[in-house]
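Student: Next up, data-v4.cif (mmCIF, C-alpha atoms).
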```cif
data_final
#
loop_
_atom_site.label_atom_id
_atom_site.label_comp_id
_atom_site.auth_asym_id
_atom_site.auth_seq_id
_atom_site.Cartn_x
_atom_site.Cartn_y
_atom_site.Cartn_z
CA MET A 1 1.81 22.02 -1.47
CA ALA A 2 4.74 22.86 0.77
CA THR A 3 4.71 21.25 4.19
CA ASN A 4 7.23 21.54 6.99
CA LEU A 5 7.71 18.42 9.10
CA ALA A 6 10.10 17.66 11.92
CA LEU A 7 11.35 14.20 10.94
CA ASP A 8 14.04 12.02 12.45
CA ASP A 9 17.02 12.54 10.13
CA ARG A 10 18.50 9.12 10.93
CA LEU A 11 15.21 7.42 10.12
CA ILE A 12 14.89 9.30 6.84
CA GLU A 13 18.45 8.33 5.90
CA GLU A 14 17.66 4.68 6.67
CA ALA A 15 14.51 4.87 4.54
CA GLN A 16 16.45 6.42 1.67
CA ALA A 17 19.09 3.70 1.85
CA ALA A 18 16.55 0.87 2.18
CA GLY A 19 14.47 2.07 -0.75
CA GLY A 20 17.27 3.43 -2.90
CA HIS A 21 15.71 6.88 -2.88
CA ARG A 22 17.85 9.84 -3.84
CA THR A 23 15.86 12.46 -1.93
CA LYS A 24 13.95 12.78 1.31
CA LYS A 25 10.84 13.61 -0.68
CA GLU A 26 11.08 10.34 -2.64
CA ALA A 27 11.49 8.35 0.58
CA VAL A 28 8.54 10.03 2.31
CA THR A 29 6.32 9.70 -0.77
CA ALA A 30 7.12 5.99 -1.07
CA ALA A 31 6.44 5.48 2.64
CA LEU A 32 3.08 7.23 2.39
CA LYS A 33 2.09 5.16 -0.65
CA GLU A 34 2.97 1.95 1.21
CA TYR A 35 1.00 3.14 4.25
CA VAL A 36 -2.11 3.85 2.17
CA ALA A 37 -1.84 0.52 0.33
CA ARG A 38 -1.49 -1.34 3.63
CA ARG A 39 -4.55 0.38 5.10
CA GLU A 40 -6.57 -0.49 1.99
CA GLN A 41 -5.48 -4.13 2.35
CA LEU A 42 -6.62 -4.14 5.97
CA GLY A 43 -10.01 -2.85 4.81
CA VAL A 44 -10.42 -5.97 2.69
CA LEU A 45 -10.07 -8.11 5.81
CA LYS A 46 -13.26 -6.54 7.14
CA LEU A 47 -15.12 -8.23 4.26
CA ILE A 48 -14.29 -11.71 5.51
CA GLY A 49 -17.53 -13.51 6.23
CA ARG A 50 -19.65 -10.91 4.42
CA ILE A 51 -19.13 -12.12 0.87
CA GLU A 52 -20.67 -15.38 -0.25
CA PHE A 53 -18.33 -17.79 -1.99
CA ASP A 54 -19.60 -20.16 -4.65
CA PRO A 55 -17.11 -23.03 -5.05
CA ALA A 56 -18.81 -24.06 -8.32
CA TYR A 57 -18.17 -20.65 -9.97
CA ARG A 58 -15.83 -20.93 -12.92
CA TYR A 59 -14.26 -17.57 -13.69
CA LYS A 60 -12.68 -18.81 -16.92
CA ASP A 61 -16.13 -19.60 -18.32
CA ALA A 62 -17.23 -16.05 -17.52
CA ARG A 63 -14.30 -14.68 -19.54
CA ARG A 64 -15.45 -16.46 -22.69
CA ARG A 65 -18.82 -14.74 -22.76
#
```
Can the structure from this file be put into structure tokens for me?

Tutor:
Amino acid sequence: MATNLALDDRLIEEAQAAGGHRTKKEAVTAALKEYVARREQLGVLKLIGRIEFDPAYRYKDARRR
């Protein structure tokens, strides 16, 4: 899907150099992927205090079953 965006050329060039991307599209795609991943990570923080933790649970034993 074609999309026209007014982006800061200097910022795009910096992103390309920092990430080693050859094109603007590669730089923007990588930035969007990082943004989504970061937001998903922040969603995990909302689970703190809602999930019970069993210190006696042995995950290696569960693998053997």

Student: Tell me, in Å to one decimal, how far CA of Gly19 in chain A is from CA of Ala31 in chain A.

Tutor: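 Distance between the two atoms: 9.4 Å.
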
Student: Please, what is the axis-aligned box for every listed atom of range 14-33 of chain A with 6 Å on each side, as centre and edge lengths in Å to one decimal, as JSON?

Tutor:
```
{"center_x": 10.6, "center_y": 7.2, "center_z": 1.4, "size_x": 29.0, "size_y": 24.7, "size_z": 22.5}
```

Student: Figure out the distance between CA of Glu40 in chain A and CA of Tyr59 in chain A, please, to one decimal in Å.

Tutor: 24.4 Å

Student: Which distance in Å separates CA of Gly20 in chain A and CA of Leu7 in chain A, to one decimal?

Tutor: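 The value is 18.5 Å.
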
Student: Tell me, as a list in words, which residues lie within 12 Å of Ala17 in chain A, counting only C-alpha atoms; anything in the same chain fewer than 6 positions away does not count.

Tutor: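 Within the cut-off, the hits are Arg10, Leu11, Thr23, Lys24, Glu26 and Ala27 of chain A.
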